[in-house]
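Okay, run13.cif now, which holds mmCIF, C-alpha atoms and all ligand atoms:
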data_model
#
loop_
_atom_site.label_atom_id
_atom_site.label_comp_id
_atom_site.auth_asym_id
_atom_site.auth_seq_id
_atom_site.Cartn_x
_atom_site.Cartn_y
_atom_site.Cartn_z
CA MET A 23 44.86 176.74 95.91
CA ASP A 24 41.99 177.05 93.48
CA CYS A 25 41.88 173.43 92.37
CA LEU A 26 38.66 171.47 91.91
CA PHE A 27 40.21 168.13 92.87
CA CYS A 28 41.96 169.59 95.95
CA LYS A 29 38.49 170.80 97.00
CA ILE A 30 37.09 167.29 96.51
CA LEU A 31 40.03 165.96 98.57
CA GLU A 32 39.21 168.41 101.37
CA GLY A 33 35.52 167.54 101.21
CA GLU A 34 34.58 171.10 100.19
CA ILE A 35 32.96 169.71 97.04
CA PRO A 36 31.06 166.43 97.36
CA ALA A 37 32.01 163.35 95.35
CA GLU A 38 31.18 159.66 95.62
CA ARG A 39 34.38 158.08 96.87
CA VAL A 40 35.04 154.50 95.80
CA TYR A 41 38.53 154.09 97.31
CA GLU A 42 40.99 155.89 99.54
CA ASP A 43 44.28 155.25 101.29
CA ASP A 44 47.15 157.31 102.66
CA GLN A 45 48.34 158.45 99.21
CA VAL A 46 45.35 158.58 96.86
CA ILE A 47 41.59 158.87 96.70
CA ALA A 48 39.23 157.73 93.94
CA PHE A 49 35.74 159.01 93.20
CA ARG A 50 33.14 158.55 90.48
CA ASP A 51 33.40 160.81 87.44
CA ILE A 52 30.49 163.27 87.28
CA ASN A 53 30.07 162.52 83.55
CA PRO A 54 30.75 158.78 83.24
CA GLN A 55 31.90 157.42 79.87
CA ALA A 56 31.46 153.75 80.82
CA PRO A 57 29.25 151.70 83.18
CA PHE A 58 31.96 152.33 85.79
CA HIS A 59 34.16 155.44 85.54
CA CYS A 60 36.20 156.85 88.40
CA LEU A 61 39.17 159.16 88.79
CA ILE A 62 42.17 158.27 90.94
CA ILE A 63 44.05 161.30 92.26
CA PRO A 64 47.08 161.76 94.50
CA ARG A 65 46.58 163.57 97.80
CA LYS A 66 49.51 165.73 96.71
CA HIS A 67 48.64 168.44 94.18
CA ILE A 68 50.56 167.77 90.94
CA ALA A 69 49.23 169.83 88.01
CA THR A 70 50.14 167.71 84.97
CA LEU A 71 52.18 164.66 84.02
CA ASN A 72 54.92 167.14 83.05
CA ASP A 73 55.20 168.17 86.70
CA ILE A 74 55.96 164.72 88.09
CA ALA A 75 59.21 164.97 90.05
CA ASP A 76 61.52 162.09 90.95
CA ASP A 77 60.00 162.10 94.44
CA ASP A 78 56.52 161.61 92.93
CA ARG A 79 57.28 158.36 91.14
CA GLU A 80 56.07 156.21 94.01
CA VAL A 81 52.70 157.92 94.26
CA VAL A 82 52.15 157.64 90.51
CA GLY A 83 52.82 153.90 90.68
CA HIS A 84 50.49 153.79 93.66
CA MET A 85 47.73 155.39 91.54
CA ILE A 86 48.07 152.63 88.96
CA GLN A 87 48.00 149.90 91.59
CA ALA A 88 44.91 151.54 93.13
CA ALA A 89 43.21 151.23 89.72
CA SER A 90 43.77 147.47 89.71
CA LYS A 91 42.48 147.16 93.28
CA ILE A 92 39.33 149.10 92.41
CA ALA A 93 38.81 146.98 89.28
CA GLN A 94 39.09 143.86 91.42
CA ARG A 95 36.59 145.20 93.97
CA GLN A 96 34.21 146.19 91.19
CA GLY A 97 34.55 142.71 89.70
CA PHE A 98 35.86 143.57 86.24
CA ASP A 99 39.61 143.03 86.72
CA GLN A 100 39.57 139.78 84.74
CA ASP A 101 37.30 141.06 81.95
CA GLY A 102 39.58 144.09 81.69
CA TYR A 103 39.39 147.85 81.78
CA ARG A 104 40.86 151.07 80.40
CA THR A 105 43.13 153.50 82.26
CA VAL A 106 43.90 156.97 80.86
CA PHE A 107 46.02 159.98 81.83
CA ASN A 108 45.26 163.09 79.80
CA CYS A 109 47.97 165.78 79.62
CA ASN A 110 47.41 169.42 78.66
CA THR A 111 45.30 170.68 75.77
CA HIS A 112 45.97 168.07 73.10
CA GLY A 113 45.54 165.31 75.66
CA GLY A 114 42.13 166.68 76.61
CA GLN A 115 43.06 167.59 80.18
CA THR A 116 40.45 169.87 81.76
CA VAL A 117 41.31 169.61 85.46
CA TYR A 118 44.89 170.47 86.36
CA HIS A 119 45.49 168.03 89.20
CA ILE A 120 46.71 164.74 87.75
CA HIS A 121 44.12 161.98 87.66
CA LEU A 122 43.97 158.47 86.30
CA HIS A 123 40.69 157.62 84.60
CA LEU A 124 39.53 154.05 85.27
CA LEU A 125 36.78 152.84 82.95
CA GLY A 126 35.22 149.42 83.05
CA GLY A 127 32.11 147.32 82.71
CA LYS A 128 32.04 146.97 78.92
CA PRO A 129 34.49 146.46 76.04
CA MET A 130 36.20 149.83 75.47
CA GLY A 131 37.24 149.40 71.84
CA TRP A 132 40.58 150.31 70.33
CA PRO A 133 41.93 152.61 68.99
CA PRO A 134 40.11 155.21 71.12
CA TYR A 135 40.11 157.98 68.50
CA GLN A 136 38.53 158.89 65.19
CA ASP A 137 40.32 158.76 61.86
CA THR A 138 40.18 162.56 61.50
CA LEU A 139 42.32 162.95 64.61
CA LYS A 140 45.25 161.33 62.82
CA THR A 141 45.77 164.50 60.75
CA PRO A 142 48.81 166.33 62.20
CA VAL A 143 48.52 169.90 63.45
CA ASN A 144 51.25 172.51 63.71
CA ASN A 145 50.54 173.72 67.23
P1 LIG A 201 40.22 165.33 82.09
O1 LIG A 201 39.40 165.84 80.94
O2 LIG A 201 40.95 166.48 82.80
O3 LIG A 201 41.12 164.19 81.77
O4 LIG A 201 39.19 164.73 83.12
C1 LIG A 201 38.48 165.49 84.04
C2 LIG A 201 37.30 164.67 84.46
O5 LIG A 201 36.75 165.25 85.63
C3 LIG A 201 36.17 164.62 83.42
O6 LIG A 201 35.93 163.28 83.02
C4 LIG A 201 34.99 165.25 84.13
O7 LIG A 201 33.77 164.60 83.84
C5 LIG A 201 35.36 165.09 85.61
N1 LIG A 201 34.82 166.13 86.46
C6 LIG A 201 34.82 167.47 86.21
N2 LIG A 201 34.27 168.12 87.25
C7 LIG A 201 33.92 167.18 88.18
C8 LIG A 201 33.30 167.25 89.46
O8 LIG A 201 32.98 168.31 89.99
N3 LIG A 201 33.09 166.07 90.11
C9 LIG A 201 33.47 164.86 89.56
N4 LIG A 201 33.19 163.77 90.29
N5 LIG A 201 34.04 164.76 88.36
C10 LIG A 201 34.27 165.91 87.67
ZN ZN A 202 44.84 170.05 93.30
#

Mind turning the file's structure into structure tokens?
Ligand code: 5GP
Ligand code: ZN
Amino acid sequence: MDCLFCKILEGEIPAERVYEDDQVIAFRDINPQAPFHCLIIPRKHIATLNDIADDDREVVGHMIQAASKIAQRQGFDQDGYRTVFNCNTHGGQTVYHIHLHLLGGKPMGWPPYQDTLKTPVNN
């Protein structure tokens, strides 16, 4: 399968791993948007949030719990952090293997969008 994150999982493309277990791995984002920014991915290829099947619910919960474990290890669990799933074009998804962004190490701000983005579109 021609999937960037499956290649990272297989070790075909290098990445700096920060966590792994039997269901997920996490590695640093190549273009970090915070002092700490990693991506948590399931070992199973799932293309988008729309493709999560009933059998996948456990691994998706596992991804979220992995985020909290990584935050704890990095030492910012109590200060707080941001987690993000992007889905398809409007969500800003660019890699079609689901991934949970974990950003920490500074206040993230809220809301995370610009005023102009509130204007509805028809597509
Ligand atoms: P998305 O936009 O799909 O939610 O997030 C994809 C993320 O993958 C982006 O933040 C991007 O910087 C990161 N990324 C893209 N290619 C690579 C890569 O080859 N290695 C790593 N470590 N991150 C990547
Ligand atoms: Zn994949």

Shell around segment 122-135 of chain A at 6 Å using only C-alpha atoms, local window under 3 positions removed, as a VMD selection string: chain A and resid 56 to 62 103 to 107

Which of A:Ile92, A:His112, A:Gln136, A:Asp76 sits closest to Ile47 of chain A [using only C-alpha atoms]: A:Ile92

Got a sec to check which residues lie within 6 Å of ligand LIG 201 (chain A), using all atoms listed in the file, and send them as JSON, numbers by chain? {"A": [37, 50, 51, 52, 53, 108, 114, 115, 116, 117]}

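Remark: for ligand ZN 202 (chain A), the closest of the candidate residues A:Pro36, A:Phe98, A:Ile74, A:Ile68 is A:Ile68 (distances computed over only C-alpha atoms and all ligand atoms).
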
Contacts with ligand ZN 202 (chain A) at most 9 Å, only C-alpha atoms and all ligand atoms counted, listed as a PyMOL selection string: chain A and resi 23-31+63-69+117-120

Using all atoms listed in the file: which of A:Asp137, A:Asp101, A:Asp43, A:Glu32 has the shortest distance to Ala88 of chain A: A:Asp43

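Between atom CA of His121 of chain A and atom CA of Ile86 of chain A lies a distance of 10.2 Å.
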
Report, in Å with one decimal, the straight-line distance from atom CA of Glu38 of chain A to atom CA of His84 of chain A.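 Separating atom CA of Glu38 of chain A from atom CA of His84 of chain A is a distance of 20.3 Å.
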
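Going from atom CA of Thr70 of chain A to atom CA of Gln45 of chain A covers 17.1 Å.
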
Which protein, DNA or RNA residues are at most 9 Å from (47.5, 142.6, 88.0) in the file's coordinates when you count all atoms listed in the file, listed as a list in words?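 Residues close enough to count: Gln87, Ser90, Lys91 and Asp99 of chain A.
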
Padding 5 Å on every side, please: axis-aligned box over the listed atoms of segment 28-32 of chain A, centre and edge lengths to one decimal in Å, as lines of an AutoDock Vina configuration file.
center_x = 39.5
center_y = 168.4
center_z = 98.7
size_x = 14.9
size_y = 14.8
size_z = 15.4

Under the rule that only C-alpha atoms are counted, which of A:Met85, A:Asn72, A:Asp78, A:Gln94 is the nearest residue to Val46 of chain A?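 Looking at the shortest contact to Val46 of chain A, the residue is A:Met85.
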
Reconstructed N, CA and C atoms for segment 66-86 of chain A, given as a short mmCIF file (atom, residue, chain, number, x, y, z; two decimals), keeping the file's coordinate frame:
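Below you can see out08.cif, which holds the result:
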data_model
loop_
_atom_site.label_atom_id
_atom_site.label_comp_id
_atom_site.auth_asym_id
_atom_site.auth_seq_id
_atom_site.Cartn_x
_atom_site.Cartn_y
_atom_site.Cartn_z
N LYS A 66 48.63 164.59 97.01
CA LYS A 66 49.51 165.73 96.71
C LYS A 66 49.05 166.40 95.42
N HIS A 67 48.99 167.73 95.41
CA HIS A 67 48.64 168.44 94.18
C HIS A 67 49.82 168.40 93.21
N ILE A 68 49.60 167.77 92.06
CA ILE A 68 50.56 167.77 90.94
C ILE A 68 49.72 168.19 89.73
N ALA A 69 50.11 169.25 89.03
CA ALA A 69 49.23 169.83 88.01
C ALA A 69 49.08 168.96 86.77
N THR A 70 50.20 168.51 86.21
CA THR A 70 50.14 167.71 84.97
C THR A 70 51.20 166.61 85.04
N LEU A 71 51.15 165.70 84.08
CA LEU A 71 52.18 164.66 84.02
C LEU A 71 53.57 165.28 83.86
N ASN A 72 53.63 166.47 83.24
CA ASN A 72 54.92 167.14 83.05
C ASN A 72 55.53 167.63 84.36
N ASP A 73 54.73 167.65 85.40
CA ASP A 73 55.20 168.17 86.70
C ASP A 73 55.57 167.06 87.68
N ILE A 74 55.60 165.82 87.20
CA ILE A 74 55.96 164.72 88.09
C ILE A 74 57.47 164.77 88.37
N ALA A 75 57.81 164.92 89.63
CA ALA A 75 59.21 164.97 90.05
C ALA A 75 59.69 163.57 90.42
N ASP A 76 60.99 163.41 90.56
CA ASP A 76 61.52 162.09 90.95
C ASP A 76 60.85 161.58 92.22
N ASP A 77 60.61 162.49 93.17
CA ASP A 77 60.00 162.10 94.44
C ASP A 77 58.55 161.66 94.30
N ASP A 78 57.94 161.94 93.15
CA ASP A 78 56.52 161.61 92.93
C ASP A 78 56.34 160.24 92.28
N ARG A 79 57.44 159.60 91.92
CA ARG A 79 57.28 158.36 91.14
C ARG A 79 56.53 157.28 91.92
N GLU A 80 56.74 157.25 93.23
CA GLU A 80 56.07 156.21 94.01
C GLU A 80 54.55 156.43 94.01
N VAL A 81 54.14 157.68 94.18
CA VAL A 81 52.70 157.92 94.26
C VAL A 81 52.02 157.66 92.92
N VAL A 82 52.74 157.91 91.82
CA VAL A 82 52.15 157.64 90.51
C VAL A 82 51.99 156.13 90.30
N GLY A 83 52.97 155.35 90.73
CA GLY A 83 52.82 153.90 90.68
C GLY A 83 51.69 153.43 91.58
N HIS A 84 51.56 154.11 92.71
CA HIS A 84 50.49 153.79 93.66
C HIS A 84 49.11 154.04 93.03
N MET A 85 49.00 155.10 92.23
CA MET A 85 47.73 155.39 91.54
C MET A 85 47.35 154.23 90.62
N ILE A 86 48.35 153.71 89.91
CA ILE A 86 48.07 152.63 88.96
C ILE A 86 47.68 151.35 89.70
#
